[in-house]
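Reproduced below: query.tsv, with TSV, C-alpha atoms.
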```
chain	number	residue	atom	x	y	z
Z	1	GLY	CA	-2.22	-20.14	-4.31
Z	2	LEU	CA	-4.90	-20.26	-1.65
Z	3	GLN	CA	-8.02	-22.22	-2.44
Z	4	ASN	CA	-11.43	-22.22	-0.77
Z	5	GLY	CA	-11.17	-22.81	2.94
Z	6	GLY	CA	-7.69	-21.31	3.17
Z	7	ALA	CA	-5.83	-24.50	2.15
Z	8	TRP	CA	-2.84	-24.15	-0.14
Z	9	ASP	CA	-3.05	-25.67	-3.61
Z	10	THR	CA	0.26	-27.47	-3.93
Z	11	GLU	CA	1.31	-29.73	-6.74
Z	12	PHE	CA	4.46	-30.70	-8.57
Z	13	LEU	CA	4.65	-29.82	-12.24
Z	14	ASP	CA	6.98	-31.07	-14.90
Z	15	SER	CA	8.79	-28.32	-16.81
Z	16	GLU	CA	6.36	-28.32	-19.75
Z	17	ARG	CA	3.26	-27.96	-17.54
Z	18	ALA	CA	5.01	-25.31	-15.43
Z	19	ALA	CA	5.89	-23.31	-18.56
Z	20	ALA	CA	2.32	-23.58	-19.83
Z	21	ARG	CA	0.95	-22.38	-16.50
Z	22	ALA	CA	3.44	-19.47	-16.36
Z	23	THR	CA	2.41	-18.46	-19.87
Z	24	GLY	CA	-1.18	-18.24	-18.61
Z	25	TYR	CA	-0.08	-15.72	-15.99
Z	26	MET	CA	1.43	-13.59	-18.70
Z	27	GLY	CA	-2.01	-12.77	-20.13
Z	28	CYS	CA	-1.68	-9.26	-18.74
Z	29	LEU	CA	1.23	-8.50	-21.07
Z	30	PRO	CA	0.65	-6.90	-24.46
Z	31	GLN	CA	0.56	-9.31	-27.39
Z	32	GLY	CA	4.05	-10.36	-28.44
Z	33	SER	CA	5.83	-9.24	-25.27
Z	34	ASP	CA	7.74	-11.50	-22.92
Z	35	VAL	CA	9.04	-11.59	-19.36
Z	36	ALA	CA	12.29	-9.85	-20.37
Z	37	GLU	CA	10.26	-6.97	-21.81
Z	38	LEU	CA	8.22	-6.77	-18.61
Z	39	TYR	CA	11.45	-6.71	-16.59
Z	40	ARG	CA	12.91	-3.89	-18.69
Z	41	GLY	CA	9.61	-2.02	-18.60
Z	42	PHE	CA	9.50	-2.16	-14.80
Z	43	PHE	CA	12.83	-0.36	-14.47
Z	44	ASP	CA	12.06	2.02	-17.33
Z	45	PHE	CA	8.80	2.99	-15.65
Z	46	TYR	CA	10.29	3.80	-12.24
Z	47	ALA	CA	13.47	5.36	-13.64
Z	48	ARG	CA	11.95	7.48	-16.41
Z	49	ALA	CA	8.14	7.63	-16.53
Z	50	PHE	CA	6.88	7.69	-12.97
Z	51	VAL	CA	6.79	11.19	-11.44
Z	52	TRP	CA	8.10	10.64	-7.92
Z	53	GLY	CA	6.39	12.76	-5.30
Z	54	TYR	CA	3.49	13.76	-7.55
Z	55	GLU	CA	1.99	10.41	-8.55
Z	56	VAL	CA	0.63	7.52	-6.51
Z	57	VAL	CA	0.94	3.87	-7.45
Z	58	SER	CA	-2.42	2.30	-6.69
Z	59	VAL	CA	-2.71	-1.47	-6.99
Z	60	ARG	CA	-6.31	-1.14	-5.81
Z	61	GLN	CA	-7.16	1.03	-8.81
Z	62	GLY	CA	-4.79	-0.75	-11.15
Z	63	ARG	CA	-2.98	2.39	-12.27
Z	64	ARG	CA	-0.93	5.35	-11.25
Z	65	LYS	CA	-2.68	8.66	-10.67
Z	66	ALA	CA	-1.84	12.17	-9.56
Z	67	ARG	CA	-1.64	12.60	-5.81
Z	68	SER	CA	-4.24	15.40	-6.15
Z	69	GLU	CA	-6.96	12.88	-7.15
Z	70	ASP	CA	-9.88	12.69	-4.72
Z	71	ALA	CA	-9.27	8.94	-4.34
Z	72	PHE	CA	-6.11	9.74	-2.35
Z	73	SER	CA	-7.45	12.51	-0.11
Z	74	SER	CA	-6.99	10.34	3.00
Z	75	LEU	CA	-3.58	8.89	2.01
Z	76	LEU	CA	-1.08	9.63	4.77
Z	77	ARG	CA	2.10	11.65	4.09
Z	78	LEU	CA	0.76	12.70	0.69
Z	79	LYS	CA	2.31	16.18	0.83
Z	80	ASP	CA	5.82	14.71	1.03
Z	81	ARG	CA	7.68	14.75	-2.27
Z	82	ARG	CA	8.46	11.08	-2.04
Z	83	LEU	CA	7.42	7.75	-3.50
Z	84	HIS	CA	3.72	7.19	-2.81
Z	85	LEU	CA	2.42	3.61	-2.77
Z	86	GLU	CA	-1.16	3.13	-1.67
Z	87	ASP	CA	-1.75	0.08	0.50
Z	88	ALA	CA	-4.36	-1.99	-1.36
Z	89	PHE	CA	-5.92	-3.25	1.88
Z	90	THR	CA	-5.74	-0.05	3.95
Z	91	PRO	CA	-6.02	2.73	1.35
Z	92	ASN	CA	-5.10	5.56	3.72
Z	93	ASN	CA	-1.78	3.84	4.50
Z	94	ASN	CA	1.15	5.09	2.40
Z	95	LEU	CA	3.68	2.28	2.06
Z	96	ASN	CA	6.53	4.79	1.73
Z	97	VAL	CA	6.65	4.72	5.54
Z	98	VAL	CA	9.04	1.75	5.37
Z	99	LEU	CA	11.62	3.73	3.41
Z	100	ARG	CA	13.69	6.42	5.06
Z	101	GLU	CA	14.57	9.25	2.70
Z	102	GLY	CA	18.16	8.01	2.29
Z	103	ARG	CA	16.93	4.52	1.39
Z	104	GLU	CA	14.44	5.98	-1.05
Z	105	ARG	CA	17.19	7.98	-2.79
Z	106	ALA	CA	19.24	4.77	-3.01
Z	107	LEU	CA	16.23	2.96	-4.48
Z	108	ARG	CA	15.79	5.68	-7.13
Z	109	ARG	CA	19.49	5.51	-8.01
Z	110	ALA	CA	19.27	1.72	-8.27
Z	111	PHE	CA	16.25	1.96	-10.60
Z	112	ALA	CA	18.11	4.48	-12.77
Z	113	ALA	CA	21.34	2.44	-12.83
Z	114	THR	CA	19.51	-0.77	-13.69
Z	115	ASP	CA	17.50	0.97	-16.41
Z	116	ALA	CA	20.69	2.45	-17.90
Z	117	ALA	CA	22.42	-0.93	-17.78
Z	118	LEU	CA	19.48	-2.66	-19.47
Z	119	ARG	CA	19.34	0.04	-22.16
Z	120	GLY	CA	23.08	-0.35	-22.69
Z	121	GLY	CA	22.88	-4.13	-23.04
Z	122	ARG	CA	24.66	-4.76	-19.72
Z	123	HIS	CA	21.91	-6.89	-18.25
Z	124	HIS	CA	23.84	-10.03	-17.34
Z	125	SER	CA	25.40	-8.54	-14.20
Z	126	PHE	CA	21.93	-7.81	-12.82
Z	127	MET	CA	20.68	-11.32	-13.46
Z	128	LEU	CA	23.38	-13.09	-11.45
```
Encoded form (structure tokens):
Amino acid sequence: GLQNGGAWDTEFLDSERAAARATGYMGCLPQGSDVAELYRGFFDFYARAFVWGYEVVSVRQGRRKARSEDAFSSLLRLKDRRLHLEDAFTPNNNLNVVLREGRERALRRAFAATDAALRGGRHHSFML
């Protein structure tokens, strides 16, 4: 990552040190979970839990919230019943602008298909 002064911190790690460092990044996961669970949870969330068009994903706030929240009053294209992703650096910018509606429908279908495959134990085809 970037260090003070904008220089990149680069180093070569052996596999044991790399695994130990990666484990440190996993501190945000619940106790006893692993990367595979995080992977499954990502697709489960967007395929089944997230309410498209009515919720906003906000990295800045670290959670999803209803689009009616005051925090999103200046978010562009908020009335559209589409995916709403708040830009963490420019909070009024809705990152859904990069997806045309047809592409967004395809993305939703892909989330649902991947979630169904993972639930059905057909995960190997998605990992290749």
Proximity check segment 24-78 of chain Z to segment 116-122 of chain Z, 10 Å, nearest pairs one decimal Å, only C-alpha atoms, as JSON lines:
```
{"residue": "Z:Tyr39", "atom": "CA", "partner": "Z:Leu118", "partner_atom": "CA", "distance": 9.4}
{"residue": "Z:Arg40", "atom": "CA", "partner": "Z:Leu118", "partner_atom": "CA", "distance": 6.7}
{"residue": "Z:Gly41", "atom": "CA", "partner": "Z:Leu118", "partner_atom": "CA", "distance": 9.9}
{"residue": "Z:Phe43", "atom": "CA", "partner": "Z:Leu118", "partner_atom": "CA", "distance": 8.6}
{"residue": "Z:Asp44", "atom": "CA", "partner": "Z:Ala116", "partner_atom": "CA", "distance": 8.7}
{"residue": "Z:Ala47", "atom": "CA", "partner": "Z:Ala116", "partner_atom": "CA", "distance": 8.9}
```
Item to check | Surrounding residues of Leu85 of chain Z excluding itself and chain neighbours under 4 positions, 8 Å, only C-alpha atoms, as a ChimeraX atom specification | outcome: /Z:56-58,94-96
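Atom CA of Arg63 of chain Z is found 24.2 Å from atom CA of Ala106 of chain Z.
In this comparison, which uses only C-alpha atoms, the residue of Z:Gly62, Z:Ala88, Z:Asn93, Z:Phe42 approaching Leu75 of chain Z most closely is Z:Asn93.
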Item to check | Selected residue, from Z:Gly53, Z:Ser68, Z:Leu107, Z:Ala112, that lies nearest to His84 of chain Z when counting all atoms listed in the file | outcome: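 Looking at the shortest contact to His84 of chain Z, the residue is Z:Gly53.
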Checklist entry - What is the distance between atom CA of Leu38 of chain Z and atom CA of Arg81 of chain Z, in Å to one decimal? => result 27.0 Å
Checklist entry - Could you work out how far atom CA of Arg82 of chain Z lies from atom CA of Trp52 of chain Z, giving the answer in Å with one decimal? => result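 Atom CA of Arg82 of chain Z lies 5.9 Å from atom CA of Trp52 of chain Z.
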Checklist entry - Out of Z:Pro91, Z:Phe111, Z:Ser73, Z:Tyr46, which residue has the shortest atom-to-atom distance to Arg60 of chain Z when counting all atoms listed in the file? => result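 Checking each candidate against Arg60 of chain Z, we get Z:Pro91 as the closest.
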